[in-house]
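Working notes, structure below.
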Amino acid sequence: MSDIFKNLNPKQVEAVKIINGPVLVISGPGSGKTRCLTHRVAYLISSGIDPNDILAVTFTNKAADEIKERIQQLLKIENYKLKIQSASPTIGTFHSICLRILRREAPLLGYKSSFTVFDEDDRLSLIKKVMARLEVDAKRYNPQIFVRRISKLKTELIYPENYKPNDFFTRLLAKIYAAYQQDLRTANALDFDDLIALTVRIFKNHPEVLDHYQDRWKYVLIDEYQDTSFDQYSLTKLLSQKYKNIFAIGDDAQSIYAFREADIRNILNFQKDYPETKVIFLEQNYRSTKNILAAAQNIISNNQNQVPKTLWTDNEKGEEIFIKEALNERAEAGFIAEKISEFAGRGYDFNDFAVLYRTHAQSRAIEEFFIIHSLPYQIVGGIKFYERKEIKDILAYIKVLVNPSDMVSFERIYNIPARGLGKTVFEKILNSGEKDLIEAVGTLADKDEKSKQGQSLRKFYKTLRGLKKQINAGIASLIQNIIKTTGYEEYLKGLSASKNDAYANFEERMENLKELLTVAKKYDNIEGGGGVENFLAEIALMQNTDTLKTGVKSQNGANKKVTLMTIHSSKGLEFPVVFIAGMEEGLFPHSRSVLDPQELEEERRLCYVAVTRAKEKLILSYAQRRNIFGSTQMNLPSRFIGEIPQNTIKYAATGIDDDYEEKIYY
DNA sequence: CTGTCGTTTATTTTT
DNA sequence: TAAACGACAG
């Protein structure tokens, strides 16, 4: 029993031990948030609570996996006498948990349980289609605007039937929204926002269903509560309404996703929602030096909208925060590269370094200088595995086989590989009135047996029918069959042969398909894996290969790399040495945010997140001039620099060794 | 279908 | 500046 508390400080113990009633844990950066959460779950189980009664919700798959793993380890150590062998708590992302609920309950809303999940791409394609149909000029109105607005409405739980437009644009939006939602229905598909919002709708409209899930999960834990949006907030509130055993953990100061509808008020108002709440502050920081922590603290203290708290640490004072003024972004990049080379010789590995920036565009200059200095690096946030064409193509085939009403996926594949079918035929198939698009192909083929096109249709029909039969024969073999019977490999060969497609070479694409096969095989091997539908859905809810490859990452130092990424993607991570580049007014805080006090506060939180990633060394830099969209801008140093206490700062010498441009071009 | 040309637009993105 | 997209010609 005692092992659960062994590595916890008194505050953490307190948070872990309160079993009943609402608990809010405000957990500062580096204060052991995940530890607190996982130990709490372990403690609940050790106190005799049925693991089945526990639900833990996270935002990312990565977080869910980490929590699962750590709980398992804890329970192994504790070696409980309990039934934990057979039962385990439910741990997953908001989306995956709602997916599971909807697989059972979607018929209540008139969707088939086998519904497809549309990802970001599918959703955009569908919006474009809708706009074309309604003759909305895509030049005048960027389709993305509608995607965003609709997404926003859904997180506010507003659907077309209760949306009240009030001017020309919103009337247009309402029209598109209604058509889009209708099309989703026709396709028997849900988008990401639907997963949450429709679950909430079911809970609201069907009290008996809500009651069932309230009893199913009597203990609800939510990670990163500051990042919840209104729909997610509503969901957790409904779920925990009956037993009120809600445990929310997070840090208002690290709320940086307002632009994705995260609403900081959810955490700020938690006590209003649950008057019985016990609030616990985790303020001891185990990560950073005193200097770094002081800097972070001073920066964030300039925000009005926050829960007051005082972080402290037993760590040593550490070095001063290093600030470098560079002539331009190239000089800045050169400085960072040289510093890393210098430190790397003194006991640091390359993966001890992170270079953080506000915008992706900043990575280019840095990258260039890393190459010049032969520094190994990786950029986080590049092309996502599942967004690659070859992966999307094959998945689209599977989607059509599973859900022949999915016109978005069908549109993707009807002429890939090229089989002489054009847009006109596609429209015909779509407007045939047949719900099953595969059958529509067959019917159309029957109509004209003779023509070249008719024969092509017949062949396509046969291919799809043949594949459909193998749908339950294992996902891996299904994929192999798709590649074989459609001639996809030859198609890829042809693609890479056309000179324009330089970077997407054949071998690389085949490698990616192999990777997909590996995932599929893994999935096939899970007993009761839930079949193709769930394979597709889970993939839709998963972004990077990294998520899949955890554990494969080499630990042996063979390929240690400096990490380059946006501050947003650095949340939750830590590094011994952190560089924050582009500390300039207009860039950070971003010019789009400086006018609105709310947005400025979010930028400040972003800065707080960035600074608190650092364990030992923190190096900030800014450029006097920066090339931005072709023209040179002169920016003042970021106001955030001025919010750091002077006695923790050391300014680097400027001027003398700044001529990096000369160094390259002489 | 493919390539070219002009136009547009450039913050962050857990699902 | 440059890259991404869409229109349109071949």
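So you can find residues: chains in the structure tokens are A, B, ... in the order shown, residues in each start at 1, and ligands are numbered from 1 in order.
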Taking the DSSP secondary structure from the backbone, can you list the residues of stretch 302-500 of chain A that are alpha helix (DSSP H), as a ChimeraX atom specification? /A:329-344,363-372,389-402,407-413,423-430,437-447,452-469,475-486,488-497
Sorted by chain and rising residue number, list the residues of chain B at most 8 Å from chain A (counting only C-alpha atoms (C1' of nucleotides)), each with its closest atom pair and distance in Å to one decimal, as JSON lines.
```
{"residue": "B:DA10", "atom": "C1'", "partner": "A:Phe629", "partner_atom": "CA", "distance": 7.6}
{"residue": "B:DT11", "atom": "C1'", "partner": "A:Thr359", "partner_atom": "CA", "distance": 6.1}
{"residue": "B:DT12", "atom": "C1'", "partner": "A:His568", "partner_atom": "CA", "distance": 6.4}
{"residue": "B:DT13", "atom": "C1'", "partner": "A:Arg260", "partner_atom": "CA", "distance": 7.4}
{"residue": "B:DT14", "atom": "C1'", "partner": "A:Thr60", "partner_atom": "CA", "distance": 4.8}
{"residue": "B:DT15", "atom": "C1'", "partner": "A:Leu541", "partner_atom": "CA", "distance": 5.8}
```
Which residues, written as an mmCIF file with all heavy atoms, in the first residue's frame, have at least one atom at most 10 Å from C:DA3, with only C-alpha atoms (C1' of nucleotides) counted and residues fewer than 2 positions away on the same chain left out?
```cif
data_model
loop_
_atom_site.group_PDB
_atom_site.id
_atom_site.type_symbol
_atom_site.label_atom_id
_atom_site.label_comp_id
_atom_site.auth_asym_id
_atom_site.auth_seq_id
_atom_site.Cartn_x
_atom_site.Cartn_y
_atom_site.Cartn_z
ATOM 1 P P DT B 9 -6.465 35.577 -50.263
ATOM 2 O OP1 DT B 9 -7.797 35.054 -49.943
ATOM 3 O OP2 DT B 9 -6.240 37.015 -50.488
ATOM 4 O "O5'" DT B 9 -5.453 35.099 -49.146
ATOM 5 C "C5'" DT B 9 -5.116 33.712 -49.058
ATOM 6 C "C4'" DT B 9 -3.765 33.555 -48.422
ATOM 7 O "O4'" DT B 9 -2.722 33.798 -49.383
ATOM 8 C "C3'" DT B 9 -3.514 34.555 -47.277
ATOM 9 O "O3'" DT B 9 -3.169 33.833 -46.124
ATOM 10 C "C2'" DT B 9 -2.356 35.393 -47.759
ATOM 11 C "C1'" DT B 9 -1.662 34.432 -48.711
ATOM 12 N N1 DT B 9 -0.808 35.093 -49.716
ATOM 13 C C2 DT B 9 0.368 34.482 -50.071
ATOM 14 O O2 DT B 9 0.736 33.420 -49.602
ATOM 15 N N3 DT B 9 1.109 35.156 -51.014
ATOM 16 C C4 DT B 9 0.789 36.367 -51.602
ATOM 17 O O4 DT B 9 1.531 36.869 -52.424
ATOM 18 C C5 DT B 9 -0.460 36.953 -51.180
ATOM 19 C C7 DT B 9 -0.892 38.260 -51.769
ATOM 20 C C6 DT B 9 -1.188 36.301 -50.268
ATOM 21 P P DA B 10 -3.499 34.478 -44.708
ATOM 22 O OP1 DA B 10 -4.710 33.800 -44.230
ATOM 23 O OP2 DA B 10 -3.420 35.947 -44.754
ATOM 24 O "O5'" DA B 10 -2.261 33.969 -43.858
ATOM 25 C "C5'" DA B 10 -1.833 32.619 -44.007
ATOM 26 C "C4'" DA B 10 -0.334 32.561 -43.864
ATOM 27 O "O4'" DA B 10 0.262 32.867 -45.127
ATOM 28 C "C3'" DA B 10 0.221 33.619 -42.934
ATOM 29 O "O3'" DA B 10 0.235 33.113 -41.602
ATOM 30 C "C2'" DA B 10 1.635 33.814 -43.437
ATOM 31 C "C1'" DA B 10 1.539 33.425 -44.903
ATOM 32 N N9 DA B 10 1.671 34.551 -45.831
ATOM 33 C C8 DA B 10 0.842 35.649 -45.955
ATOM 34 N N7 DA B 10 1.204 36.482 -46.896
ATOM 35 C C5 DA B 10 2.355 35.902 -47.421
ATOM 36 C C6 DA B 10 3.243 36.291 -48.455
ATOM 37 N N6 DA B 10 3.091 37.410 -49.168
ATOM 38 N N1 DA B 10 4.291 35.488 -48.723
ATOM 39 C C2 DA B 10 4.439 34.375 -48.007
ATOM 40 N N3 DA B 10 3.685 33.900 -47.019
ATOM 41 C C4 DA B 10 2.647 34.718 -46.773
ATOM 42 P P DT C 1 11.687 39.023 -53.578
ATOM 43 O OP1 DT C 1 12.982 39.585 -53.890
ATOM 44 O OP2 DT C 1 10.641 38.774 -54.582
ATOM 45 O "O5'" DT C 1 11.825 37.680 -52.754
ATOM 46 C "C5'" DT C 1 12.457 37.608 -51.508
ATOM 47 C "C4'" DT C 1 11.985 36.327 -50.859
ATOM 48 O "O4'" DT C 1 10.670 36.542 -50.286
ATOM 49 C "C3'" DT C 1 11.841 35.163 -51.835
ATOM 50 O "O3'" DT C 1 12.312 34.023 -51.172
ATOM 51 C "C2'" DT C 1 10.335 35.087 -52.111
ATOM 52 C "C1'" DT C 1 9.746 35.615 -50.812
ATOM 53 N N1 DT C 1 8.458 36.366 -50.982
ATOM 54 C C2 DT C 1 7.322 35.915 -50.334
ATOM 55 O O2 DT C 1 7.301 34.912 -49.640
ATOM 56 N N3 DT C 1 6.214 36.688 -50.532
ATOM 57 C C4 DT C 1 6.114 37.845 -51.278
ATOM 58 O O4 DT C 1 5.056 38.462 -51.379
ATOM 59 C C5 DT C 1 7.344 38.262 -51.916
ATOM 60 C C7 DT C 1 7.351 39.502 -52.755
ATOM 61 C C6 DT C 1 8.443 37.514 -51.748
ATOM 62 P P DC C 5 -2.212 23.148 -51.225
ATOM 63 O OP1 DC C 5 -2.658 22.460 -50.004
ATOM 64 O OP2 DC C 5 -1.459 22.384 -52.257
ATOM 65 O "O5'" DC C 5 -3.468 23.826 -51.915
ATOM 66 C "C5'" DC C 5 -3.825 25.185 -51.605
ATOM 67 C "C4'" DC C 5 -4.438 25.808 -52.825
ATOM 68 O "O4'" DC C 5 -3.403 26.394 -53.640
ATOM 69 C "C3'" DC C 5 -5.185 24.820 -53.718
ATOM 70 O "O3'" DC C 5 -6.546 25.196 -53.817
ATOM 71 C "C2'" DC C 5 -4.460 24.882 -55.052
ATOM 72 C "C1'" DC C 5 -3.739 26.212 -55.000
ATOM 73 N N1 DC C 5 -2.479 26.245 -55.790
ATOM 74 C C2 DC C 5 -2.248 27.326 -56.649
ATOM 75 O O2 DC C 5 -3.095 28.226 -56.736
ATOM 76 N N3 DC C 5 -1.101 27.359 -57.367
ATOM 77 C C4 DC C 5 -0.208 26.377 -57.245
ATOM 78 N N4 DC C 5 0.905 26.468 -57.970
ATOM 79 C C5 DC C 5 -0.432 25.269 -56.375
ATOM 80 C C6 DC C 5 -1.568 25.242 -55.668
#
```
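Atom pair atom CA of A:Asp252 / atom CA of A:Phe353 has a distance of 26.5 Å (rounded to one decimal).
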Residues near stretch 406-415 of chain A, cut-off 10 Å, only C-alpha atoms (C1' of nucleotides), skip fewer than 2 positions along chain, as a compact mmCIF listing (two decimals) with C-alpha atoms, in the first residue's frame:
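Produced file part-v6.txt, reproduced below:
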```
# COMPACT_ATOMS: atom_id res chain seq x y z
CA PHE A 115 -20.23 5.07 -39.30
CA THR A 116 -17.01 6.41 -40.71
CA PHE A 118 -13.99 11.96 -41.38
CA ASP A 121 -8.98 16.38 -45.08
CA ASP A 122 -12.26 14.62 -45.68
CA ARG A 123 -14.06 17.43 -43.99
CA LEU A 124 -12.44 20.06 -46.20
CA SER A 125 -13.18 18.05 -49.34
CA LEU A 126 -16.78 17.78 -48.33
CA LYS A 129 -18.11 19.89 -52.65
CA ASP A 183 -24.00 15.13 -46.62
CA LEU A 184 -22.30 13.70 -43.59
CA ARG A 185 -25.50 11.88 -42.82
CA THR A 186 -25.76 10.56 -46.34
CA ALA A 187 -22.20 9.36 -46.10
CA ASN A 188 -22.92 7.85 -42.70
CA ALA A 189 -19.94 9.77 -41.43
CA LYS A 392 -4.79 8.06 -47.70
CA ASP A 393 -5.46 6.31 -51.01
CA ILE A 394 -5.34 2.83 -49.55
CA LEU A 395 -7.35 3.86 -46.52
CA ALA A 396 -9.92 5.44 -48.83
CA TYR A 397 -10.34 2.09 -50.56
CA ILE A 398 -10.95 0.40 -47.25
CA LYS A 399 -13.35 3.14 -46.23
CA VAL A 400 -15.39 2.69 -49.39
CA LEU A 401 -15.50 -1.07 -48.88
CA VAL A 402 -16.64 -0.67 -45.30
CA ASN A 403 -19.00 2.20 -45.96
CA PRO A 404 -20.01 2.37 -49.63
CA PRO A 417 -4.96 4.31 -60.33
CA ALA A 418 -6.19 5.87 -63.55
CA ARG A 419 -8.86 3.71 -65.13
CA GLY A 420 -10.38 6.13 -67.58
CA LEU A 421 -13.15 7.33 -65.34
CA GLY A 422 -13.65 11.05 -65.20
CA LYS A 423 -15.59 13.59 -63.28
CA VAL A 425 -19.02 9.49 -64.53
CA PHE A 426 -18.40 10.28 -60.91
CA GLU A 427 -21.28 12.76 -60.90
CA ILE A 429 -22.64 7.60 -59.94
CA LEU A 430 -23.24 10.08 -57.17
CA LYS A 435 -26.88 4.87 -51.60
CA ASP A 436 -24.33 2.14 -52.14
CA LEU A 437 -21.84 3.71 -54.50
CA ILE A 438 -20.24 0.36 -55.31
CA VAL A 441 -20.95 1.53 -60.33
CA LEU A 457 -16.77 0.53 -64.92
CA PHE A 460 -13.88 -1.44 -61.35
```
List the spatial neighbours of B:DG6 as JSON, numbers by chain - criterion: any atom at most 12 Å away, only C-alpha atoms (C1' of nucleotides), same-chain residues fewer than 2 positions off excluded. {"B": [4, 8], "C": [5, 6, 7, 8]}
What does the distance from atom CA of A:Leu467 to atom CA of A:Arg388 come to in Å, to one decimal? 22.5 Å
Could you pull out the strand (DSSP E or B) residues of stretch 260-425 of chain A, going by DSSP on the backbone, and write them as a VMD selection string? chain A and resid 278 to 282 284 312 321 to 328 353 to 357 377 to 379
Which one is closest to chain C: A:Leu238, A:Ala138, A:Val609, A:Leu495? Count only C-alpha atoms (C1' of nucleotides). A:Ala138
Nearest to A:Ala520, chosen from A:Ile479, A:Val380, A:Ile391, A:Ile196, with only C-alpha atoms counted in the distances: A:Ile479
